[in-house]
Structures are given as structure tokens and as C-alpha cells.
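K.L.:
Below is final-v2.tsv; it holds TSV, C-alpha atoms.
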```tsv
chain	number	residue	atom	x	y	z
A	1099	MET	CA	17.98	16.15	34.32
A	1100	SER	CA	21.49	15.91	32.89
A	1101	SER	CA	21.68	12.21	33.72
A	1102	SER	CA	18.44	11.54	31.85
A	1103	VAL	CA	19.82	13.36	28.78
A	1104	LYS	CA	22.95	11.23	28.99
A	1105	LYS	CA	20.84	8.11	29.21
A	1106	ARG	CA	18.88	9.15	26.14
A	1107	ASP	CA	22.12	9.57	24.17
A	1108	ARG	CA	22.98	5.99	24.89
A	1109	LEU	CA	19.63	4.67	23.63
A	1110	ALA	CA	19.85	2.51	20.53
A	1111	VAL	CA	18.15	4.77	17.99
A	1112	SER	CA	18.24	4.41	14.22
A	1113	ARG	CA	18.40	7.77	12.49
A	1114	PRO	CA	17.10	8.64	9.03
A	1115	THR	CA	19.97	8.41	6.55
A	1116	GLU	CA	20.14	8.22	2.79
A	1117	GLY	CA	21.29	4.78	1.72
A	1118	ALA	CA	20.18	3.10	4.96
A	1119	ALA	CA	19.73	-0.14	3.07
A	1120	GLY	CA	22.88	0.27	0.97
A	1121	GLN	CA	23.25	1.43	-2.62
A	1122	THR	CA	20.28	-0.46	-3.98
A	1123	GLY	CA	21.24	0.56	-7.53
A	1124	SER	CA	23.59	-2.44	-7.54
A	1125	TRP	CA	20.52	-4.74	-7.69
A	1126	ARG	CA	19.68	-3.47	-11.14
A	1127	VAL	CA	19.84	-5.60	-14.28
A	1128	PHE	CA	18.15	-3.09	-16.60
A	1129	LYS	CA	18.50	0.66	-16.22
A	1130	PRO	CA	15.98	3.29	-17.33
A	1131	VAL	CA	17.22	5.59	-20.09
A	1132	VAL	CA	15.05	8.65	-20.74
A	1133	ASP	CA	14.64	10.02	-24.26
A	1134	LYS	CA	14.27	13.74	-23.51
A	1135	GLU	CA	12.98	14.38	-27.05
A	1136	LYS	CA	9.89	12.23	-26.46
A	1137	CYS	CA	9.38	13.21	-22.80
A	1138	ASN	CA	6.57	15.70	-22.19
A	1139	GLU	CA	7.35	16.03	-18.46
A	1140	CYS	CA	4.01	14.70	-17.26
A	1141	GLY	CA	5.64	13.34	-14.12
A	1142	LEU	CA	3.85	9.99	-14.04
A	1143	CYS	CA	7.19	8.14	-13.76
A	1144	ALA	CA	8.10	10.08	-10.63
A	1145	MET	CA	4.61	9.56	-9.25
A	1146	TYR	CA	4.68	5.79	-9.69
A	1147	CYS	CA	8.31	5.18	-8.66
A	1148	PRO	CA	8.01	3.02	-5.52
A	1149	ASP	CA	11.25	4.33	-4.06
A	1150	GLY	CA	11.04	7.97	-5.02
A	1151	ALA	CA	14.25	7.57	-7.06
A	1152	ILE	CA	13.02	10.03	-9.69
A	1153	ASP	CA	13.19	13.67	-8.57
A	1154	GLU	CA	11.15	16.75	-9.48
A	1155	ASP	CA	13.28	17.42	-12.56
A	1156	LEU	CA	12.57	13.82	-13.65
A	1157	MET	CA	16.19	12.76	-13.22
A	1158	VAL	CA	16.64	9.13	-12.19
A	1159	ASP	CA	18.96	8.59	-9.22
A	1160	LEU	CA	20.93	5.60	-10.50
A	1161	ARG	CA	22.62	5.08	-7.12
A	1162	PHE	CA	19.28	3.84	-5.81
A	1163	CYS	CA	17.09	2.90	-8.80
A	1164	LYS	CA	16.39	-0.83	-8.47
A	1165	GLY	CA	15.49	-1.17	-12.14
A	1166	CYS	CA	11.92	-2.40	-11.63
A	1167	GLY	CA	10.81	-0.81	-14.93
A	1168	ILE	CA	7.51	0.65	-13.69
A	1169	CYS	CA	8.49	4.08	-15.10
A	1170	ALA	CA	9.11	2.62	-18.57
A	1171	ASN	CA	5.89	0.62	-18.45
A	1172	GLU	CA	3.70	3.53	-17.32
A	1173	CYS	CA	5.23	6.27	-19.50
A	1174	PRO	CA	2.40	7.46	-21.81
A	1175	LYS	CA	4.92	8.67	-24.41
A	1176	LYS	CA	7.09	5.53	-24.22
A	1177	ALA	CA	10.06	7.84	-23.64
A	1178	ILE	CA	11.84	5.51	-21.20
A	1179	ALA	CA	13.72	2.44	-22.41
A	1180	MET	CA	15.08	-0.28	-20.13
A	1181	VAL	CA	18.65	-1.00	-21.24
A	1182	ARG	CA	20.74	-3.91	-19.94
A	1183	GLU	CA	23.53	-2.78	-17.57
A	1184	GLU	CA	27.10	-3.15	-18.89
A	1185	LYS	CA	29.22	-5.39	-16.70
B	582	MET	CA	-8.62	12.93	-17.98
B	583	PHE	CA	-4.89	13.39	-18.39
B	584	CYS	CA	-5.05	17.06	-17.41
B	585	GLN	CA	-7.04	16.22	-14.32
B	586	GLU	CA	-4.35	13.80	-13.24
B	587	LEU	CA	-1.71	16.50	-13.65
B	588	VAL	CA	-3.56	18.92	-11.41
B	589	ILE	CA	-3.85	16.35	-8.70
B	590	ILE	CA	-0.15	15.45	-8.93
B	591	ALA	CA	0.65	19.13	-8.38
B	592	GLU	CA	-1.44	19.17	-5.18
B	593	ILE	CA	0.58	16.38	-3.60
B	594	PRO	CA	3.46	17.67	-1.45
B	595	LYS	CA	6.97	17.19	-2.81
B	596	GLU	CA	8.40	16.16	0.57
B	597	GLU	CA	9.49	12.57	0.82
B	598	TYR	CA	9.29	10.91	4.22
B	599	ILE	CA	11.18	7.84	3.11
B	600	GLU	CA	14.87	8.41	2.44
B	601	LYS	CA	16.28	6.72	-0.64
B	602	CYS	CA	16.00	3.86	-0.32
B	603	THR	CA	14.40	1.01	1.61
B	604	SER	CA	15.38	-2.58	0.94
B	605	ALA	CA	11.94	-3.41	-0.46
B	606	CYS	CA	11.87	-5.62	-3.55
B	607	ALA	CA	12.07	-3.88	-6.93
B	608	GLY	CA	8.56	-2.87	-7.98
B	609	CYS	CA	7.14	-3.08	-4.43
B	610	SER	CA	3.75	-1.45	-4.26
B	611	SER	CA	3.76	-1.32	-0.47
B	612	SER	CA	6.62	1.20	-0.45
B	613	LEU	CA	4.78	3.18	-3.13
B	614	THR	CA	1.70	3.18	-0.89
B	615	LEU	CA	3.71	4.20	2.16
B	616	ARG	CA	5.22	7.14	0.25
B	617	TYR	CA	1.75	8.58	-0.35
B	618	VAL	CA	0.42	7.72	3.09
B	619	LEU	CA	3.27	9.71	4.67
B	620	LYS	CA	2.91	12.58	2.18
B	621	ALA	CA	-0.71	12.86	3.27
B	622	ALA	CA	0.03	12.49	6.98
B	623	GLY	CA	2.96	14.92	7.12
B	624	HIS	CA	5.89	15.04	9.54
B	625	ASP	CA	3.78	15.13	12.70
B	626	SER	CA	2.89	11.46	12.57
B	627	VAL	CA	4.02	8.22	14.14
B	628	LEU	CA	3.90	4.88	12.41
B	629	VAL	CA	3.13	1.71	14.34
B	630	VAL	CA	4.30	-1.27	12.32
B	631	PRO	CA	3.62	-4.84	13.35
B	632	ALA	CA	5.61	-7.69	11.82
B	633	CYS	CA	5.19	-7.31	8.06
B	634	CYS	CA	7.31	-6.40	5.04
B	635	THR	CA	7.57	-2.80	6.22
B	636	SER	CA	9.26	-3.84	9.47
B	637	VAL	CA	12.13	-5.50	7.61
B	638	ILE	CA	12.76	-3.00	4.82
B	639	GLN	CA	13.65	0.01	6.99
B	640	GLY	CA	17.43	-0.40	6.72
B	641	ALA	CA	20.18	-1.59	9.06
B	642	TYR	CA	20.94	-0.14	12.51
B	643	PRO	CA	22.05	2.62	13.20
B	644	ASN	CA	20.42	3.91	10.02
B	645	THR	CA	16.82	3.90	8.89
B	646	ALA	CA	15.14	5.01	5.70
B	647	MET	CA	12.06	6.24	7.58
B	648	ASN	CA	11.95	9.97	8.24
B	649	VAL	CA	9.14	9.70	10.80
B	650	PRO	CA	9.21	7.89	14.15
B	651	VAL	CA	8.42	4.20	13.68
B	652	TYR	CA	7.41	1.86	16.45
B	653	ASN	CA	8.03	-1.76	15.47
B	654	VAL	CA	5.86	-4.06	17.55
B	655	ALA	CA	4.76	-7.67	17.74
B	656	PHE	CA	2.24	-9.05	15.27
B	657	ALA	CA	-0.84	-9.12	17.48
B	658	SER	CA	-0.35	-5.82	19.27
B	659	ALA	CA	-0.27	-3.04	16.65
B	660	ALA	CA	-3.69	-1.53	17.39
B	661	ALA	CA	-3.21	-1.98	21.15
B	662	CYS	CA	0.10	-0.07	21.02
B	663	ALA	CA	-1.50	2.63	18.88
B	664	SER	CA	-4.31	2.93	21.43
B	665	GLY	CA	-1.88	3.61	24.24
B	666	MET	CA	0.11	6.02	22.10
B	667	SER	CA	-2.97	7.92	20.99
B	668	GLU	CA	-4.18	8.29	24.59
B	669	ALA	CA	-0.74	9.52	25.67
B	670	PHE	CA	-0.67	12.15	22.92
B	671	LEU	CA	-4.17	13.25	23.92
B	672	GLU	CA	-3.04	13.59	27.53
B	673	MET	CA	-0.02	15.66	26.45
B	674	GLY	CA	-2.24	17.85	24.27
B	675	LYS	CA	-0.45	16.89	21.05
B	676	LYS	CA	-2.17	16.47	17.72
B	677	THR	CA	0.25	13.86	16.36
B	678	HIS	CA	-1.31	11.40	13.92
B	679	VAL	CA	-1.02	7.79	15.03
B	680	ILE	CA	-1.04	5.49	12.00
B	681	VAL	CA	-0.91	1.72	12.09
B	682	TYR	CA	0.64	0.41	8.89
B	683	ALA	CA	-0.02	-3.31	8.91
B	684	GLY	CA	-0.01	-6.09	6.36
B	685	ASP	CA	-2.92	-8.40	5.68
B	686	GLY	CA	-1.57	-11.09	8.04
B	687	GLY	CA	-1.29	-8.56	10.87
B	688	THR	CA	-4.83	-7.35	10.18
B	689	LEU	CA	-7.02	-10.20	9.00
B	690	ASP	CA	-5.43	-13.02	10.96
B	691	ILE	CA	-3.13	-12.25	13.86
B	692	GLY	CA	-3.95	-8.63	14.66
B	693	ILE	CA	-7.73	-8.77	14.37
B	694	GLN	CA	-8.49	-8.95	18.09
B	695	SER	CA	-6.45	-5.88	19.05
B	696	MET	CA	-7.81	-4.00	16.02
B	697	SER	CA	-11.39	-4.85	16.94
B	698	GLY	CA	-10.71	-3.80	20.53
B	699	ALA	CA	-9.27	-0.45	19.51
B	700	PHE	CA	-12.21	0.23	17.17
B	701	GLU	CA	-14.66	-0.62	19.92
B	702	ARG	CA	-12.91	1.72	22.40
B	703	GLY	CA	-13.06	4.54	19.86
B	704	THR	CA	-9.32	5.25	19.90
B	705	ASP	CA	-8.32	8.19	17.71
B	706	PHE	CA	-6.05	6.58	15.10
B	707	LEU	CA	-5.86	5.49	11.47
B	708	TYR	CA	-5.47	1.80	10.71
B	709	ILE	CA	-4.08	1.07	7.26
B	710	CYS	CA	-4.01	-2.49	6.01
B	711	TYR	CA	-1.91	-2.95	2.89
B	712	ASP	CA	-3.02	-6.20	1.42
B	713	ASN	CA	-0.72	-8.31	-0.75
B	714	GLU	CA	-2.93	-11.31	-0.09
B	715	ALA	CA	-0.30	-13.48	1.66
B	716	TYR	CA	2.51	-13.41	4.25
B	717	GLY	CA	5.02	-11.81	1.87
B	718	ASN	CA	7.76	-11.11	4.41
B	719	THR	CA	8.34	-14.80	5.20
B	720	GLY	CA	8.04	-16.03	1.62
B	721	MET	CA	4.37	-16.01	0.61
B	722	GLN	CA	2.46	-18.30	2.92
B	723	ARG	CA	-1.30	-18.25	2.65
B	724	SER	CA	-3.19	-15.74	4.80
B	725	GLY	CA	-6.83	-15.04	5.43
B	726	ALA	CA	-6.63	-12.52	2.60
B	727	THR	CA	-5.44	-14.97	-0.06
B	728	PRO	CA	-8.17	-15.31	-2.69
B	729	LEU	CA	-9.71	-18.62	-3.69
B	730	GLY	CA	-7.61	-20.57	-6.19
B	731	ALA	CA	-4.35	-18.63	-5.61
B	732	LYS	CA	-1.18	-20.68	-5.20
B	733	THR	CA	1.11	-19.86	-2.30
B	734	THR	CA	3.94	-21.87	-0.74
B	735	THR	CA	1.48	-23.41	1.73
B	736	THR	CA	-1.32	-23.91	-0.80
B	737	PRO	CA	0.64	-25.32	-3.76
B	738	THR	CA	-2.49	-26.44	-5.59
B	739	GLY	CA	-4.45	-23.25	-4.99
B	740	LYS	CA	-6.32	-22.05	-1.90
B	741	THR	CA	-9.53	-23.94	-1.30
B	742	VAL	CA	-11.34	-21.37	0.81
B	743	GLU	CA	-12.32	-17.81	0.08
B	744	LYS	CA	-10.84	-14.48	1.08
B	745	LYS	CA	-12.05	-13.14	4.40
B	746	ASP	CA	-14.27	-10.09	3.99
B	747	ILE	CA	-12.42	-7.81	6.39
B	748	ASP	CA	-14.25	-4.71	5.12
B	749	ALA	CA	-17.58	-6.16	6.24
B	750	ILE	CA	-16.07	-7.02	9.62
B	751	VAL	CA	-14.73	-3.47	9.99
B	752	ALA	CA	-18.02	-1.98	8.77
B	753	ALA	CA	-19.77	-3.86	11.58
B	754	HIS	CA	-17.79	-1.69	14.04
B	755	HIS	CA	-19.64	1.36	12.62
B	756	LEU	CA	-16.58	3.56	12.10
B	757	GLU	CA	-17.07	7.15	11.06
B	758	TYR	CA	-14.80	6.63	8.08
B	759	MET	CA	-13.52	3.58	6.26
B	760	ALA	CA	-12.28	3.17	2.70
B	761	THR	CA	-10.63	0.86	0.24
B	762	ALA	CA	-7.84	1.96	-2.10
B	763	CYS	CA	-5.33	0.49	-4.49
B	764	SER	CA	-1.62	1.24	-4.88
B	765	ALA	CA	-2.11	1.87	-8.61
B	766	TYR	CA	-4.09	5.03	-7.76
B	767	PRO	CA	-1.71	7.08	-5.56
B	768	GLN	CA	-3.80	10.27	-5.81
B	769	ASP	CA	-6.78	8.35	-4.50
B	770	ILE	CA	-4.71	7.02	-1.58
B	771	TYR	CA	-3.51	10.56	-0.83
B	772	LYS	CA	-7.06	11.93	-0.84
B	773	LYS	CA	-8.45	9.15	1.33
B	774	VAL	CA	-5.64	9.29	3.91
B	775	THR	CA	-5.97	13.08	4.15
B	776	LYS	CA	-9.70	12.71	4.69
B	777	ALA	CA	-9.36	9.87	7.21
B	778	LEU	CA	-7.00	11.95	9.34
B	779	THR	CA	-9.56	14.74	9.73
B	780	PHE	CA	-11.85	12.42	11.71
B	781	ARG	CA	-11.57	12.00	15.47
B	782	GLY	CA	-11.86	8.36	16.39
B	783	PRO	CA	-10.83	5.20	14.61
B	784	THR	CA	-10.64	5.12	10.82
B	785	PHE	CA	-9.67	2.27	8.50
B	786	ILE	CA	-8.26	2.09	4.97
B	787	HIS	CA	-7.76	-1.22	3.17
B	788	ILE	CA	-5.23	-0.90	0.32
B	789	LEU	CA	-4.61	-3.58	-2.30
B	790	ALA	CA	-0.85	-3.88	-2.86
B	791	PRO	CA	0.16	-6.16	-5.74
B	792	CYS	CA	3.38	-8.03	-4.96
B	793	PRO	CA	5.64	-9.03	-7.90
B	794	PRO	CA	7.50	-11.99	-6.32
B	795	GLY	CA	4.44	-13.27	-4.50
B	796	TRP	CA	1.89	-12.95	-7.26
B	797	ARG	CA	4.53	-14.07	-9.77
B	798	TYR	CA	4.41	-11.36	-12.40
B	799	PRO	CA	7.24	-9.15	-13.79
B	800	THR	CA	8.21	-6.17	-11.59
B	801	GLU	CA	7.25	-3.52	-14.16
B	802	LYS	CA	3.60	-4.66	-14.15
B	803	THR	CA	2.87	-3.55	-10.56
B	804	ILE	CA	0.75	-0.55	-11.51
B	805	GLU	CA	-0.88	-2.41	-14.39
B	806	MET	CA	-1.88	-5.24	-12.07
B	807	GLY	CA	-3.49	-2.86	-9.58
B	808	LYS	CA	-5.41	-1.17	-12.37
B	809	LEU	CA	-6.54	-4.55	-13.75
B	810	ALA	CA	-7.80	-5.54	-10.30
B	811	VAL	CA	-9.97	-2.42	-10.22
B	812	LYS	CA	-11.04	-2.56	-13.85
B	813	SER	CA	-12.10	-6.20	-13.61
B	814	GLY	CA	-14.13	-5.45	-10.48
B	815	MET	CA	-12.10	-7.89	-8.34
B	816	TRP	CA	-11.18	-4.90	-6.16
B	817	VAL	CA	-13.72	-2.12	-5.62
B	818	LEU	CA	-12.65	1.34	-4.49
B	819	TYR	CA	-15.12	3.01	-2.17
B	820	GLU	CA	-15.41	5.02	1.01
B	821	ARG	CA	-17.97	4.81	3.77
B	822	GLU	CA	-18.46	8.06	5.63
B	823	HIS	CA	-20.84	8.03	8.61
B	824	GLY	CA	-22.27	4.81	7.17
B	825	LYS	CA	-22.93	6.32	3.72
B	826	LEU	CA	-21.17	4.46	0.94
B	827	THR	CA	-19.68	6.22	-2.08
B	828	ILE	CA	-18.03	4.22	-4.85
B	829	SER	CA	-14.88	6.01	-6.08
B	830	ALA	CA	-14.52	7.24	-9.66
B	831	PRO	CA	-12.15	4.54	-11.05
B	832	SER	CA	-14.47	1.77	-9.86
B	833	LYS	CA	-17.56	3.58	-11.12
B	834	ALA	CA	-15.98	3.76	-14.58
B	835	ALA	CA	-14.99	0.09	-14.33
B	836	MET	CA	-18.53	-0.97	-13.41
B	837	LYS	CA	-19.95	0.49	-16.60
B	838	LYS	CA	-17.60	-1.55	-18.78
B	839	PRO	CA	-15.86	-4.23	-16.70
B	840	LEU	CA	-12.91	-6.17	-18.08
B	841	PRO	CA	-13.23	-9.96	-17.98
B	842	LEU	CA	-11.82	-11.46	-14.77
B	843	GLU	CA	-9.44	-13.63	-16.83
B	844	ASP	CA	-7.56	-10.46	-17.91
B	845	TYR	CA	-6.63	-9.90	-14.27
B	846	LEU	CA	-5.87	-13.54	-13.43
B	847	ALA	CA	-3.89	-14.55	-16.55
B	848	PRO	CA	-0.74	-12.42	-16.04
B	849	GLN	CA	-0.34	-13.74	-12.49
B	850	GLY	CA	1.64	-16.94	-11.94
B	851	ARG	CA	-0.24	-17.67	-8.72
B	852	PHE	CA	-3.49	-18.24	-10.67
B	853	LYS	CA	-1.84	-20.42	-13.31
B	854	GLY	CA	-3.95	-23.49	-14.01
B	855	ILE	CA	-6.87	-22.36	-11.82
B	856	ASP	CA	-9.72	-24.87	-12.18
B	857	ALA	CA	-12.99	-23.90	-13.83
B	858	LYS	CA	-15.00	-24.40	-10.63
B	859	SER	CA	-12.89	-21.94	-8.61
B	860	LEU	CA	-13.03	-19.44	-11.47
B	861	GLU	CA	-16.80	-19.73	-11.55
B	862	ILE	CA	-17.05	-19.15	-7.77
B	863	LEU	CA	-14.72	-16.12	-8.04
B	864	LYS	CA	-16.90	-14.67	-10.79
B	865	GLN	CA	-20.11	-15.26	-8.87
B	866	HIS	CA	-18.71	-13.57	-5.79
B	867	LEU	CA	-17.39	-10.66	-7.81
B	868	ALA	CA	-20.85	-10.10	-9.29
B	869	ALA	CA	-22.56	-10.50	-5.90
B	870	ASN	CA	-20.13	-8.04	-4.28
B	871	LEU	CA	-20.70	-5.42	-6.99
B	872	LYS	CA	-24.44	-5.87	-6.71
B	873	LYS	CA	-24.33	-5.50	-2.92
B	874	LEU	CA	-22.20	-2.34	-3.07
B	875	THR	CA	-24.32	-0.73	-5.82
B	876	ALA	CA	-27.47	-1.46	-3.81
B	877	GLU	CA	-25.91	0.02	-0.68
B	878	GLU	CA	-24.85	3.15	-2.54
B	879	ALA	CA	-28.35	3.60	-3.96
B	880	GLN	CA	-29.87	3.62	-0.47
B	881	PRO	CA	-30.86	7.12	0.66
```
Could you quickly redo this structure as C-alpha cells?
P.N.:
Amino acid sequence: MSSSVKKRDRLAVSRPTEGAAGQTGSWRVFKPVVDKEKCNECGLCAMYCPDGAIDEDLMVDLRFCKGCGICANECPKKAIAMVREEK
Amino acid sequence: MFCQELVIIAEIPKEEYIEKCTSACAGCSSSLTLRYVLKAAGHDSVLVVPACCTSVIQGAYPNTAMNVPVYNVAFASAAACASGMSEAFLEMGKKTHVIVYAGDGGTLDIGIQSMSGAFERGTDFLYICYDNEAYGNTGMQRSGATPLGAKTTTTPTGKTVEKKDIDAIVAAHHLEYMATACSAYPQDIYKKVTKALTFRGPTFIHILAPCPPGWRYPTEKTIEMGKLAVKSGMWVLYEREHGKLTISAPSKAAMKKPLPLEDYLAPQGRFKGIDAKSLEILKQHLAANLKKLTAEEAQP
């Protein structure tokens, strides 16, 4: 039994980790900037974000946001602007 | 309409089964689809992924972005592997969901024999085909799912033959449940996956997944493109339960007042300069398909 457990430890297993593909935020050319005044918290941006980079409180995780712009395009209130990243 | 959407968003679990973040392209609708598939399936599920975009975006060893067990297998064997897995779980008395998440190449072309076999044997699993209408992972080569007239790297002047009707092929296996969906309607995907997993036996969902680099449109238009596909009638959302067809609400609304097909084709670089003859054939087939589905739905 113990030998089989040992064997299992040595198996090549990938484990779920945040940032498994690196900090994908570095890919970004334009970043989403939310205008909280216009936002009515409908949550469509978080729903449509392909990478789940927008959380329940509608905060964008800029470490991972790839800057695709879907959130800005789908926002019914046009509360999100895509702003060019400063170098 | 807006309120209704809100209610449905609230029903969807908050748990994410994909850690931030995969290495999918910006604006990838396949990772959006996978988010909702896994939300519907829950933690007690296993993904079987043949060669496709999803097998390369998981992250680098020893890390993975996937928070459920994933079995990466060869192109032709996804459904065969899932069959074995499903039988093993049955033997062990486990109720784990076995889900094949395959691209259109792994479903319509290379994986079709193992899929057909598994459907015929009545294996208890869900087969999801996310369809970006080409081999996206290797740089957009034409597949059986590429529509007529679309340019890919192997059809630089536009494809000369039509898209394979995989839904008709699957329907001929007389599954208890099969459906089509589109990545632009995540609540619809969630509902259909949840429903499919309640059935014992094979079930199939075909999901249209617009692909920004492959279809050559800007990344922010992913959702718009999916909605245009449905609103123009090029993609019809429906489900077939015990052989009874029901057209889903977004497509029903689109049928009453369809957008012209050109509205869907024009923003896409792959349809740039499509000849009038191909356009005419696409339109004819679109109309014929809608007519066929409406007639089938009207049957008692």
C-alpha cells in the first residue's frame, strides 16, 4: 500500500494554480477602465469575460485581463472605456 | 428582457472551475463556453479533451488552469476514452459526469468514428463540440465545419464545398437529448448543459464559438458575432428531446425578423470578397434549414 502511495507521488501531475499560463495581463495593449458613476452593476461584463477576470464586485483583475475589450463592447451603459496602456 | 437576464445570471453558480487564466487568445469564446459548461457540470466531472485549442491552453507543467481532472487524449479517441471512463465510473458506483470537450476537427472529421461508436453503444456521457469552423489550434486550416466561401490558410480563395451537417448525423443516432448553442448566450449554454447531464446515455451539444484570429474580426466583437450568427439565422439554437424538436427563444425571435446574412458576413475577414454565387447558395441553404426546422417543430 505504502509503495503505491509513493509511486503516486512521483506521477507527473499538473495541479490547478492561479497564473498557470503566466501573468497574461502583460499581453494587454488597451486596459478596461470602469466609470463607476455610469455603472449600474448589471454584471454583463463579468458574465461575458472569457477568462473570468472580472469578479463578483465587478473589479477587473489587471494581472490577468488580456484586454480583449468584450466588457467595453457589451456594457449596456457604455461605462467601460478601453484606454491604451502606458509604457 | 433585461430583468429576465439578471435573474438568470443570479441562478448561475459563482464558482469558477478555470483558474485565472488560461493561455487562450484574447476574446476567445471557447474559454467562455468552457467556463459555463463547468459551472453547469460542477466539481464532480471529468473532461476528456482531444487535440484542440483547449488541450494547449491549460498552462505549463506542473501547473494547470483547470480545476477539474482533464484527460488529454489523441484526436480520434475522445469518445472511446470517455466510453471506458464512463463504464469504469459505473462499475465503481460513482456518479461523476464524463464530458468530452472537443473542437470541430475532433468531432466532424477525425473523431467522428469513435463518437458514432460511443453513441451507438449508449455510453452515459456528454459530448460537447465547440465549433470555430476550422482547425484553430494549428493556425486555421479548413475543416469539415468550415462554411462555404470562408477563407482559411488551406482554402485561400474560399472553401468550395459546404459545411458538414453534423447535427443531422448525430440526430440519426436517435439520442435522447441533443442541442445546439452559441457562446454569445452563456445562460442558454448553462441551461442546456444542466439538462443534458440529467439524461442517462449519450447526449450531444454543438456550440458555435466565434474565433477572433481565425474569423479575422477584432477581439471585442466575439459576443456580437455570435449574436449576429443567431440573428441572421446562419446558426439556429434548438434542442431535441426524445426526438421532439424545440427551437430556443433567441432563434425564435430571430426567425420573426431575421437580419440580412450580409450583416453577419461583412465584419468577418474570412468572408471578404465572397463571390455572389457562394452567397446565393449560403442564403438558399439558410432558408431551407430554417424551413426544415420549423416544419419539424410543428410536427405533433
K.L.:
Please check the contacts: residues of chain A at most 6 Å away from chain B, using only C-alpha atoms, listed as a ChimeraX atom specification.
P.N.:
/A:1112-1119,1148,1164,1166-1168
K.L.:
Nearest to Phe1162 (chain A) among A:Asp1133, A:Asp1149, A:Glu1139, A:Glu1183, with distances taken over only C-alpha atoms: which residue is it?
P.N.:
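So, comparing all the options, the nearest one is A:Asp1149.
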K.L.:
Between B:Met696, B:Thr719, B:Ala661, B:Met815, single out the one closest to Val637 (chain B), counting only C-alpha atoms.
P.N.:
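Once distances to Val637 (chain B) are computed over only C-alpha atoms, the minimum belongs to B:Thr719.
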K.L.:
Smallest atom-to-atom distance to Val1111 (chain A): which of B:Tyr798, B:Tyr771, B:Phe670, B:Tyr652, using all atoms listed in the file?
P.N.:
B:Tyr652
K.L.:
For Leu778 (chain B), please output as a PyMOL selection string all residues within 12 Å (counting all atoms listed in the file; exclusion window: fewer than 3 positions along the same chain).
P.N.:
chain B and resi 618-619+621-623+625-626+676-680+705-709+757-759+771-775+781-786
K.L.:
Applying 10 Å and all atoms listed in the file, which residues near region 849-866 of chain B remain after dropping the ones on its own chain fewer than 5 positions away? List them as a ChimeraX atom specification.
P.N.:
/B:728-734,737-743,793-799,806,814-815,841-844,871-872
K.L.:
Could you tell me how far CA of Leu1156 (chain A) sits from CA of Glu1135 (chain A), in Å to one decimal place?
P.N.:
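Value for the CA of Glu1135 (chain A)-CA of Leu1156 (chain A) distance: 13.4 Å.
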K.L.:
Please measure the separation of CA of Ser667 (chain B) and CA of Val681 (chain B), giving the value in Å to one decimal.
P.N.:
11.0 Å
K.L.:
Between CA of Ala879 (chain B) and CA of Cys710 (chain B), what distance in Å does the model show, to one decimal?
P.N.:
27.0 Å
K.L.:
For each of B:His787, B:Ala752, B:Ser724, B:Pro839, take the minimum atom-to-atom distance to Lys808 (chain B), counting only C-alpha atoms, then give the residue where this is smallest.
P.N.:
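Using only C-alpha atoms, Lys808 (chain B) sits closest to B:Pro839.
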K.L.:
Show which residues sit within 9 Å of Leu1142 (chain A), as a list of chain:residue names. Count only C-alpha atoms, and ignore same-chain residues fewer than 4 positions away.
P.N.:
A:Tyr1146, A:Cys1147, A:Cys1169, A:Glu1172, A:Cys1173, A:Pro1174, B:Leu587, B:Ile590
K.L.:
Tell me which of A:Ser1124, A:Gly1150, A:Cys1143, A:Asn1138 sits closest to Glu1184 (chain A), counting all atoms listed in the file.
P.N.:
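Among A:Ser1124, A:Gly1150, A:Cys1143, A:Asn1138, it is A:Ser1124 that comes nearest to Glu1184 (chain A).
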K.L.:
For a quick check of your reading of the model, name the residues lying within 12 Å of the coordinate (2.1, 0.5, 20.0), counting only C-alpha atoms, and write them as a VMD selection string.
P.N.:
chain B and resid 627 to 631 650 to 669 679 to 683 695 to 696 699 706
K.L.:
Rank nothing, just name the residue among A:Asp1159, A:Cys1140, A:Pro1130, A:Ala1151 nearest to Ile1178 (chain A), using only C-alpha atoms.
P.N.:
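Result for the nearest residue to Ile1178 (chain A): A:Pro1130.
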K.L.:
Quick one: everything within 7 Å of Val1131 (chain A), counting all atoms listed in the file, minus sequence neighbours fewer than 3 positions away in the same chain. Send it as a ChimeraX atom specification.
P.N.:
/A:1178-1181
K.L.:
Rebuild region 1114-1125 of chain A so that it carries N, CA and C atoms, then output the result as a PDB file, keeping the file's coordinate frame.
P.N.:
```pdb
ATOM      1  N   PRO A1114      17.325   8.624  10.477  1.00  0.00           N
ATOM      2  CA  PRO A1114      17.100   8.640   9.030  1.00  0.00           C
ATOM      3  C   PRO A1114      18.370   9.019   8.259  1.00  0.00           C
ATOM      4  N   THR A1115      18.753   8.209   7.331  1.00  0.00           N
ATOM      5  CA  THR A1115      19.970   8.410   6.550  1.00  0.00           C
ATOM      6  C   THR A1115      19.685   7.976   5.116  1.00  0.00           C
ATOM      7  N   GLU A1116      20.251   8.686   4.174  1.00  0.00           N
ATOM      8  CA  GLU A1116      20.140   8.220   2.790  1.00  0.00           C
ATOM      9  C   GLU A1116      21.027   6.979   2.640  1.00  0.00           C
ATOM     10  N   GLY A1117      20.501   6.003   1.924  1.00  0.00           N
ATOM     11  CA  GLY A1117      21.290   4.780   1.720  1.00  0.00           C
ATOM     12  C   GLY A1117      21.307   3.876   2.934  1.00  0.00           C
ATOM     13  N   ALA A1118      20.239   3.915   3.753  1.00  0.00           N
ATOM     14  CA  ALA A1118      20.180   3.100   4.960  1.00  0.00           C
ATOM     15  C   ALA A1118      20.199   1.611   4.629  1.00  0.00           C
ATOM     16  N   ALA A1119      19.744   1.263   3.469  1.00  0.00           N
ATOM     17  CA  ALA A1119      19.730  -0.140   3.070  1.00  0.00           C
ATOM     18  C   ALA A1119      20.792  -0.408   2.006  1.00  0.00           C
ATOM     19  N   GLY A1120      21.808   0.447   1.952  1.00  0.00           N
ATOM     20  CA  GLY A1120      22.880   0.270   0.970  1.00  0.00           C
ATOM     21  C   GLY A1120      22.532   0.920  -0.354  1.00  0.00           C
ATOM     22  N   GLN A1121      23.467   0.854  -1.289  1.00  0.00           N
ATOM     23  CA  GLN A1121      23.250   1.430  -2.620  1.00  0.00           C
ATOM     24  C   GLN A1121      22.464   0.421  -3.442  1.00  0.00           C
ATOM     25  N   THR A1122      21.142   0.551  -3.372  1.00  0.00           N
ATOM     26  CA  THR A1122      20.280  -0.460  -3.980  1.00  0.00           C
ATOM     27  C   THR A1122      20.367  -0.473  -5.510  1.00  0.00           C
ATOM     28  N   GLY A1123      21.046   0.529  -6.081  1.00  0.00           N
ATOM     29  CA  GLY A1123      21.240   0.560  -7.530  1.00  0.00           C
ATOM     30  C   GLY A1123      22.012  -0.652  -8.028  1.00  0.00           C
ATOM     31  N   SER A1124      22.795  -1.281  -7.126  1.00  0.00           N
ATOM     32  CA  SER A1124      23.590  -2.440  -7.540  1.00  0.00           C
ATOM     33  C   SER A1124      22.717  -3.674  -7.821  1.00  0.00           C
ATOM     34  N   TRP A1125      21.430  -3.610  -7.443  1.00  0.00           N
ATOM     35  CA  TRP A1125      20.520  -4.740  -7.690  1.00  0.00           C
ATOM     36  C   TRP A1125      20.127  -4.807  -9.157  1.00  0.00           C
TER      37      TRP A1125
END
```
